[in-house]
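The structure file upload_27.txt is reproduced below (compact mmCIF, C-alpha atoms).
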```txt
# COMPACT_ATOMS: atom_id res chain seq x y z
CA GLN A 1 -22.16 -9.96 -8.10
CA VAL A 2 -18.88 -10.30 -9.95
CA GLN A 3 -18.44 -9.64 -13.65
CA LEU A 4 -15.66 -11.28 -15.64
CA VAL A 5 -14.39 -10.36 -19.10
CA GLU A 6 -11.78 -12.39 -20.94
CA SER A 7 -9.50 -11.06 -23.65
CA GLY A 8 -6.37 -12.02 -25.53
CA GLY A 9 -7.38 -15.13 -27.41
CA GLY A 10 -6.35 -15.73 -31.00
CA LEU A 11 -4.59 -17.94 -33.49
CA VAL A 12 -1.08 -19.23 -32.85
CA GLN A 13 1.14 -21.91 -34.32
CA ALA A 14 2.05 -25.02 -32.39
CA GLY A 15 4.93 -24.33 -30.04
CA GLY A 16 3.97 -20.69 -29.72
CA SER A 17 2.73 -18.66 -26.79
CA LEU A 18 -0.37 -16.67 -25.94
CA ARG A 19 -1.61 -14.83 -22.88
CA VAL A 20 -5.27 -14.48 -22.03
CA SER A 21 -6.60 -12.08 -19.43
CA CYS A 22 -9.61 -12.05 -17.16
CA ALA A 23 -10.71 -8.67 -15.81
CA ALA A 24 -12.98 -8.77 -12.78
CA SER A 25 -15.34 -6.05 -11.63
CA GLY A 26 -18.13 -5.66 -9.11
CA ARG A 27 -17.77 -7.33 -5.71
CA THR A 28 -14.18 -8.39 -6.31
CA PHE A 29 -13.45 -8.28 -2.59
CA SER A 30 -15.63 -11.37 -2.23
CA ILE A 31 -13.65 -13.50 -4.70
CA TYR A 32 -12.00 -16.55 -3.15
CA ALA A 33 -10.42 -17.95 -6.31
CA VAL A 34 -10.39 -17.53 -10.06
CA GLY A 35 -10.19 -20.53 -12.32
CA TRP A 36 -9.60 -21.10 -15.99
CA PHE A 37 -11.55 -23.70 -17.90
CA ARG A 38 -11.66 -24.63 -21.56
CA GLN A 39 -14.13 -26.31 -23.84
CA ALA A 40 -13.36 -27.80 -27.22
CA PRO A 41 -16.13 -28.62 -29.72
CA GLY A 42 -17.99 -31.74 -28.71
CA LYS A 43 -16.19 -32.01 -25.39
CA GLU A 44 -17.05 -31.18 -21.82
CA ARG A 45 -15.71 -28.09 -20.14
CA GLU A 46 -12.48 -28.98 -18.38
CA PHE A 47 -10.43 -27.40 -15.64
CA VAL A 48 -7.13 -25.79 -16.64
CA ALA A 49 -5.76 -23.79 -13.71
CA LEU A 50 -6.74 -21.65 -10.75
CA ILE A 51 -5.33 -19.04 -8.45
CA ARG A 52 -6.56 -18.05 -5.03
CA TRP A 53 -7.32 -14.37 -4.91
CA ARG A 54 -5.57 -13.42 -1.68
CA GLY A 55 -2.93 -16.01 -0.96
CA GLY A 56 -1.98 -16.49 -4.59
CA SER A 57 -1.63 -20.24 -4.42
CA THR A 58 -2.07 -21.98 -7.75
CA TYR A 59 -3.15 -25.35 -9.06
CA TYR A 60 -2.93 -26.83 -12.55
CA ALA A 61 -4.38 -29.65 -14.57
CA ASP A 62 -1.77 -32.26 -15.42
CA SER A 63 -2.24 -31.58 -19.12
CA VAL A 64 -0.93 -28.00 -18.81
CA LYS A 65 1.47 -28.27 -15.89
CA GLY A 66 4.87 -26.86 -16.82
CA ARG A 67 3.47 -25.08 -19.90
CA PHE A 68 0.81 -22.73 -18.50
CA THR A 69 1.17 -20.20 -15.71
CA VAL A 70 -1.65 -18.43 -13.92
CA SER A 71 -1.00 -15.13 -12.15
CA ARG A 72 -2.93 -12.15 -10.85
CA ASP A 73 -2.61 -8.43 -10.45
CA ASN A 74 -4.90 -7.54 -7.57
CA ALA A 75 -4.45 -3.81 -8.14
CA LYS A 76 -5.94 -4.28 -11.60
CA ASN A 77 -8.38 -7.02 -10.55
CA THR A 78 -7.01 -9.07 -13.41
CA VAL A 79 -5.95 -12.69 -13.71
CA TYR A 80 -3.69 -13.89 -16.49
CA LEU A 81 -3.10 -17.26 -18.09
CA GLN A 82 0.25 -17.43 -19.85
CA MET A 83 0.28 -20.34 -22.26
CA ASN A 84 3.58 -21.58 -23.67
CA SER A 85 4.52 -24.54 -25.86
CA LEU A 86 0.99 -24.60 -27.20
CA ARG A 87 -0.31 -27.73 -28.89
CA PRO A 88 -3.20 -28.23 -31.31
CA GLU A 89 -5.06 -30.07 -28.55
CA ASP A 90 -5.07 -26.84 -26.53
CA THR A 91 -7.51 -25.39 -29.06
CA ALA A 92 -10.71 -24.44 -27.24
CA VAL A 93 -12.80 -21.61 -25.91
CA TYR A 94 -11.16 -20.50 -22.69
CA TYR A 95 -13.34 -19.27 -19.84
CA CYS A 96 -12.42 -17.65 -16.58
CA ALA A 97 -14.65 -18.20 -13.59
CA ALA A 98 -14.74 -17.07 -9.98
CA HIS A 99 -16.17 -18.40 -6.75
CA ASP A 100 -16.71 -16.64 -3.46
CA ARG A 101 -17.26 -19.71 -1.31
CA TYR A 102 -14.63 -21.46 0.75
CA TYR A 103 -13.60 -24.93 -0.35
CA SER A 104 -11.00 -26.89 1.59
CA ASN A 105 -9.72 -28.35 -1.68
CA TYR A 106 -8.97 -26.58 -4.93
CA ALA A 107 -12.16 -26.12 -6.94
CA THR A 108 -11.77 -27.95 -10.25
CA PHE A 109 -15.40 -28.55 -11.23
CA PRO A 110 -17.48 -26.00 -13.14
CA TRP A 111 -20.37 -26.32 -10.67
CA GLU A 112 -18.14 -24.97 -7.91
CA TYR A 113 -17.94 -21.59 -9.61
CA ASP A 114 -20.51 -18.82 -9.31
CA TYR A 115 -19.45 -16.35 -11.98
CA TRP A 116 -18.32 -16.85 -15.55
CA GLY A 117 -16.91 -14.80 -18.37
CA GLN A 118 -18.09 -15.01 -21.95
CA GLY A 119 -15.04 -16.96 -23.15
CA THR A 120 -12.26 -16.28 -25.63
CA GLN A 121 -11.24 -18.52 -28.53
CA VAL A 122 -7.72 -19.96 -28.62
CA THR A 123 -6.77 -21.81 -31.79
CA VAL A 124 -3.44 -23.61 -32.18
CA SER A 125 -2.52 -24.63 -35.70
CA SER A 126 -0.25 -27.56 -36.45
```
As structure tokens, the full file:
Amino acid sequence: QVQLVESGGGLVQAGGSLRVSCAASGRTFSIYAVGWFRQAPGKEREFVALIRWRGGSTYYADSVKGRFTVSRDNAKNTVYLQMNSLRPEDTAVYYCAAHDRYYSNYATFPWEYDYWGQGTQVTVSS
């Protein structure tokens, strides 16, 4: 089992920056990739970004490409999502998730992930 805990959400003005963190514990050696998803009220959970645990390759949704950066610190078992140039439409609960299965493609669907954090609220005011 892998446990994930997000932190770092909050309120920020449009154009500002925020960094959220995802601390992993448990069987972290089994993690293949960690993804970030977000869910706004009344909307489906959507993929934001991911990072592969060992190789460090990353993949982003088009809506955040060039504004968000995902990174990891394996020594701390922590993944970060740096969010710059934030927009009101980025407002959502942000979740980190992990999977320990191999996928030939980047995993961008929630059902591909085995473990989830509790989520952290990010609110961007206009």
Please tell me which residues are no farther than 8 Å from (-1.2, -30.7, -32.2) in the file, counting all atoms listed in the file, and write them as a PyMOL selection string.
chain A and resi 14+87-90+124-126
May I have the selected residues written with C-alpha atoms, as an mmCIF file, keeping the file's coordinate frame?
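Generated output (again_14.cif):
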```cif
data_model
loop_
_atom_site.group_PDB
_atom_site.id
_atom_site.type_symbol
_atom_site.label_atom_id
_atom_site.label_comp_id
_atom_site.auth_asym_id
_atom_site.auth_seq_id
_atom_site.Cartn_x
_atom_site.Cartn_y
_atom_site.Cartn_z
ATOM 1 C CA ALA A 14 2.050 -25.020 -32.390
ATOM 2 C CA ARG A 87 -0.310 -27.730 -28.890
ATOM 3 C CA PRO A 88 -3.200 -28.230 -31.310
ATOM 4 C CA GLU A 89 -5.060 -30.070 -28.550
ATOM 5 C CA ASP A 90 -5.070 -26.840 -26.530
ATOM 6 C CA VAL A 124 -3.440 -23.610 -32.180
ATOM 7 C CA SER A 125 -2.520 -24.630 -35.700
ATOM 8 C CA SER A 126 -0.250 -27.560 -36.450
#
```
Determine, counting all atoms listed in the file, which protein, DNA and RNA residues have an atom within 6 Å of an atom of segment 29-46 of chain A; residues of the same chain fewer than 2 positions away are not included. Present the result as a list in words.
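Returned residues: Arg27, Val48, Ala49, Leu50, Ile51, Arg52, Trp53, Ala92, Val93, Tyr94, Tyr95, Cys96, Ala97, Ala98, His99 and Asp100 of chain A.
One finds atom CA of Ala61 of chain A at 27.3 Å from atom CA of Gln1 of chain A.
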To one decimal in Å, tell me the separation between atom CA of Ala107 of chain A and atom CA of Gly10 of chain A.
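So the two atoms, atom CA of Ala107 of chain A and atom CA of Gly10 of chain A, lie 26.8 Å apart.
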Could you name the residues that touch Thr69 of chain A at 7 Å or less, counting all atoms listed in the file, but leaving out those on the same chain fewer than 3 positions away, as a list in words?
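Near Thr69 of chain A, the qualifying residues are Leu81, Gln82 and Met83 of chain A.
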For each of A:Leu86, A:Gln118, A:Arg72, A:Val2, take the minimum atom-to-atom distance to Ser57 of chain A, counting all atoms listed in the file, then give the residue where this is smallest.
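Nearest candidate to Ser57 of chain A out of A:Leu86, A:Gln118, A:Arg72, A:Val2: A:Arg72.
Taking only C-alpha atoms into account, Thr120 of chain A lies nearest to A:Thr91 out of the set A:Gly26, A:Arg54, A:Thr91, A:Phe47.
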So which one's closest to Glu6 of chain A, A:Ala75, A:Tyr106, A:Gly119, A:Thr58? Using only C-alpha atoms, please.
A:Gly119
Between atom CA of Ser21 of chain A and atom CA of Trp111 of chain A, what is the distance in Å, rounded to a tenth?
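Between atom CA of Ser21 of chain A and atom CA of Trp111 of chain A the gap works out to 21.7 Å.
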Check the smallest atom-to-atom distance from each of A:Tyr103, A:Gly117, A:Val79, A:Ser85 to Val64 of chain A using only C-alpha atoms, then report the winner.
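Closest residue, counting only C-alpha atoms: A:Ser85.
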Calculated over only C-alpha atoms, which of the candidates A:Gly15, A:Asp114, A:Ser71, A:Val122 has the smallest distance to Tyr59 of chain A?
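Among the listed residues, the smallest separation from Tyr59 of chain A belongs to A:Ser71.
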Could you tell me, as a PyMOL selection string, which residues have any atom at most 7 Å from (-1.5, -13.5, -24.2), counting all atoms listed in the file?
chain A and resi 8-9+18-20+82
Counting all atoms listed in the file, which residue out of A:Asp62, A:Gln121, A:Thr78, A:Phe68 sits closest to Ala24 of chain A?
A:Thr78
Would it be fine to have segment 86-102 of chain A, with all heavy atoms, given as a JSON list (two decimals), in the first residue's frame?
```json
[["chain", "number", "residue", "atom", "x", "y", "z"],
["A", 86, "LEU", "N", -1.39, 31.57, -12.61],
["A", 86, "LEU", "CA", -2.66, 30.93, -12.30],
["A", 86, "LEU", "C", -3.85, 31.74, -12.80],
["A", 86, "LEU", "O", -3.81, 32.98, -12.84],
["A", 86, "LEU", "CB", -2.77, 30.69, -10.79],
["A", 86, "LEU", "CG", -1.98, 29.48, -10.29],
["A", 86, "LEU", "CD1", -1.74, 29.57, -8.80],
["A", 86, "LEU", "CD2", -2.69, 28.20, -10.65],
["A", 87, "ARG", "N", -4.87, 31.02, -13.19],
["A", 87, "ARG", "CA", -6.10, 31.61, -13.74],
["A", 87, "ARG", "C", -7.29, 31.18, -12.89],
["A", 87, "ARG", "O", -7.23, 30.12, -12.25],
["A", 87, "ARG", "CB", -6.30, 31.12, -15.17],
["A", 87, "ARG", "CG", -5.13, 31.37, -16.10],
["A", 87, "ARG", "CD", -5.28, 30.56, -17.37],
["A", 87, "ARG", "NE", -4.15, 30.78, -18.29],
["A", 87, "ARG", "CZ", -3.92, 30.02, -19.35],
["A", 87, "ARG", "NH1", -4.73, 29.02, -19.65],
["A", 87, "ARG", "NH2", -2.89, 30.30, -20.13],
["A", 88, "PRO", "N", -8.35, 31.95, -12.89],
["A", 88, "PRO", "CA", -9.53, 31.53, -12.13],
["A", 88, "PRO", "C", -10.02, 30.13, -12.50],
["A", 88, "PRO", "O", -10.51, 29.39, -11.63],
["A", 88, "PRO", "CB", -10.57, 32.60, -12.49],
["A", 88, "PRO", "CG", -9.75, 33.81, -12.78],
["A", 88, "PRO", "CD", -8.50, 33.29, -13.45],
["A", 89, "GLU", "N", -9.86, 29.76, -13.75],
["A", 89, "GLU", "CA", -10.31, 28.42, -14.17],
["A", 89, "GLU", "C", -9.43, 27.30, -13.65],
["A", 89, "GLU", "O", -9.75, 26.12, -13.82],
["A", 89, "GLU", "CB", -10.40, 28.34, -15.71],
["A", 89, "GLU", "CG", -9.15, 28.72, -16.45],
["A", 89, "GLU", "CD", -9.16, 30.17, -16.91],
["A", 89, "GLU", "OE1", -9.65, 31.04, -16.16],
["A", 89, "GLU", "OE2", -8.66, 30.42, -18.03],
["A", 90, "ASP", "N", -8.33, 27.63, -12.98],
["A", 90, "ASP", "CA", -7.51, 26.61, -12.33],
["A", 90, "ASP", "C", -8.06, 26.26, -10.94],
["A", 90, "ASP", "O", -7.56, 25.35, -10.29],
["A", 90, "ASP", "CB", -6.07, 27.10, -12.17],
["A", 90, "ASP", "CG", -5.37, 27.27, -13.50],
["A", 90, "ASP", "OD1", -5.53, 26.40, -14.38],
["A", 90, "ASP", "OD2", -4.65, 28.28, -13.66],
["A", 91, "THR", "N", -9.07, 26.99, -10.50],
["A", 91, "THR", "CA", -9.66, 26.72, -9.19],
["A", 91, "THR", "C", -10.27, 25.32, -9.16],
["A", 91, "THR", "O", -11.07, 24.95, -10.01],
["A", 91, "THR", "CB", -10.75, 27.76, -8.88],
["A", 91, "THR", "OG1", -10.15, 29.05, -8.77],
["A", 91, "THR", "CG2", -11.49, 27.42, -7.60],
["A", 92, "ALA", "N", -9.85, 24.54, -8.17],
["A", 92, "ALA", "CA", -10.31, 23.15, -8.04],
["A", 92, "ALA", "C", -9.69, 22.53, -6.79],
["A", 92, "ALA", "O", -8.80, 23.13, -6.17],
["A", 92, "ALA", "CB", -9.89, 22.33, -9.27],
["A", 93, "VAL", "N", -10.16, 21.35, -6.48],
["A", 93, "VAL", "CA", -9.45, 20.51, -5.51],
["A", 93, "VAL", "C", -8.41, 19.72, -6.29],
["A", 93, "VAL", "O", -8.74, 19.07, -7.29],
["A", 93, "VAL", "CB", -10.40, 19.56, -4.76],
["A", 93, "VAL", "CG1", -9.62, 18.65, -3.83],
["A", 93, "VAL", "CG2", -11.45, 20.36, -4.00],
["A", 94, "TYR", "N", -7.18, 19.80, -5.84],
["A", 94, "TYR", "CA", -6.09, 19.11, -6.51],
["A", 94, "TYR", "C", -5.74, 17.84, -5.75],
["A", 94, "TYR", "O", -5.55, 17.86, -4.53],
["A", 94, "TYR", "CB", -4.87, 20.03, -6.61],
["A", 94, "TYR", "CG", -5.01, 21.04, -7.72],
["A", 94, "TYR", "CD1", -5.92, 22.09, -7.61],
["A", 94, "TYR", "CD2", -4.27, 20.95, -8.89],
["A", 94, "TYR", "CE1", -6.08, 23.01, -8.63],
["A", 94, "TYR", "CE2", -4.41, 21.87, -9.92],
["A", 94, "TYR", "CZ", -5.32, 22.89, -9.78],
["A", 94, "TYR", "OH", -5.48, 23.80, -10.80],
["A", 95, "TYR", "N", -5.67, 16.74, -6.50],
["A", 95, "TYR", "CA", -5.37, 15.44, -5.92],
["A", 95, "TYR", "C", -4.08, 14.90, -6.53],
["A", 95, "TYR", "O", -3.86, 15.04, -7.74],
["A", 95, "TYR", "CB", -6.47, 14.43, -6.24],
["A", 95, "TYR", "CG", -7.83, 14.77, -5.69],
["A", 95, "TYR", "CD1", -8.74, 15.52, -6.44],
["A", 95, "TYR", "CD2", -8.22, 14.32, -4.43],
["A", 95, "TYR", "CE1", -9.99, 15.82, -5.94],
["A", 95, "TYR", "CE2", -9.49, 14.61, -3.93],
["A", 95, "TYR", "CZ", -10.36, 15.38, -4.69],
["A", 95, "TYR", "OH", -11.60, 15.66, -4.19],
["A", 96, "CYS", "N", -3.27, 14.27, -5.70],
["A", 96, "CYS", "CA", -2.19, 13.48, -6.27],
["A", 96, "CYS", "C", -2.59, 12.01, -6.19],
["A", 96, "CYS", "O", -3.39, 11.61, -5.33],
["A", 96, "CYS", "CB", -0.86, 13.73, -5.57],
["A", 96, "CYS", "SG", -0.73, 13.18, -3.87],
["A", 97, "ALA", "N", -2.05, 11.25, -7.11],
["A", 97, "ALA", "CA", -2.38, 9.84, -7.21],
["A", 97, "ALA", "C", -1.14, 9.09, -7.68],
["A", 97, "ALA", "O", -0.26, 9.68, -8.32],
["A", 97, "ALA", "CB", -3.53, 9.63, -8.19],
["A", 98, "ALA", "N", -1.09, 7.82, -7.36],
["A", 98, "ALA", "CA", 0.07, 7.00, -7.75],
["A", 98, "ALA", "C", -0.41, 5.67, -8.31],
["A", 98, "ALA", "O", -1.48, 5.16, -7.93],
["A", 98, "ALA", "CB", 0.99, 6.76, -6.56],
["A", 99, "HIS", "N", 0.35, 5.15, -9.26],
["A", 99, "HIS", "CA", 0.09, 3.79, -9.73],
["A", 99, "HIS", "C", 1.39, 3.00, -9.72],
["A", 99, "HIS", "O", 2.47, 3.56, -9.88],
["A", 99, "HIS", "CB", -0.58, 3.77, -11.10],
["A", 99, "HIS", "CG", 0.26, 4.26, -12.24],
["A", 99, "HIS", "ND1", 1.18, 3.45, -12.88],
["A", 99, "HIS", "CD2", 0.30, 5.45, -12.89],
["A", 99, "HIS", "CE1", 1.74, 4.13, -13.86],
["A", 99, "HIS", "NE2", 1.22, 5.34, -13.88],
["A", 100, "ASP", "N", 1.24, 1.69, -9.51],
["A", 100, "ASP", "CA", 2.41, 0.82, -9.45],
["A", 100, "ASP", "C", 2.42, -0.19, -10.60],
["A", 100, "ASP", "O", 3.26, -1.09, -10.60],
["A", 100, "ASP", "CB", 2.49, 0.10, -8.11],
["A", 100, "ASP", "CG", 1.20, -0.61, -7.75],
["A", 100, "ASP", "OD1", 0.36, -0.80, -8.65],
["A", 100, "ASP", "OD2", 1.02, -0.97, -6.57],
["A", 101, "ARG", "N", 1.53, 0.02, -11.57],
["A", 101, "ARG", "CA", 1.51, -0.84, -12.74],
["A", 101, "ARG", "C", 2.21, -0.16, -13.91],
["A", 101, "ARG", "O", 2.25, 1.07, -13.99],
["A", 101, "ARG", "CB", 0.07, -1.17, -13.14],
["A", 101, "ARG", "CG", -0.62, -2.12, -12.21],
["A", 101, "ARG", "CD", -2.08, -2.20, -12.51],
["A", 101, "ARG", "NE", -2.79, -1.04, -11.99],
["A", 101, "ARG", "CZ", -4.09, -0.85, -12.14],
["A", 101, "ARG", "NH1", -4.82, -1.73, -12.81],
["A", 101, "ARG", "NH2", -4.69, 0.21, -11.63],
["A", 102, "TYR", "N", 2.74, -0.99, -14.81],
["A", 102, "TYR", "CA", 3.38, -0.45, -15.99],
["A", 102, "TYR", "C", 2.33, -0.16, -17.06],
["A", 102, "TYR", "O", 1.46, -0.99, -17.34],
["A", 102, "TYR", "CB", 4.41, -1.44, -16.54],
["A", 102, "TYR", "CG", 4.89, -1.07, -17.92],
["A", 102, "TYR", "CD1", 5.84, -0.07, -18.11],
["A", 102, "TYR", "CD2", 4.37, -1.71, -19.06],
["A", 102, "TYR", "CE1", 6.27, 0.28, -19.38],
["A", 102, "TYR", "CE2", 4.80, -1.36, -20.32],
["A", 102, "TYR", "CZ", 5.75, -0.37, -20.48],
["A", 102, "TYR", "OH", 6.16, -0.02, -21.73]]
```
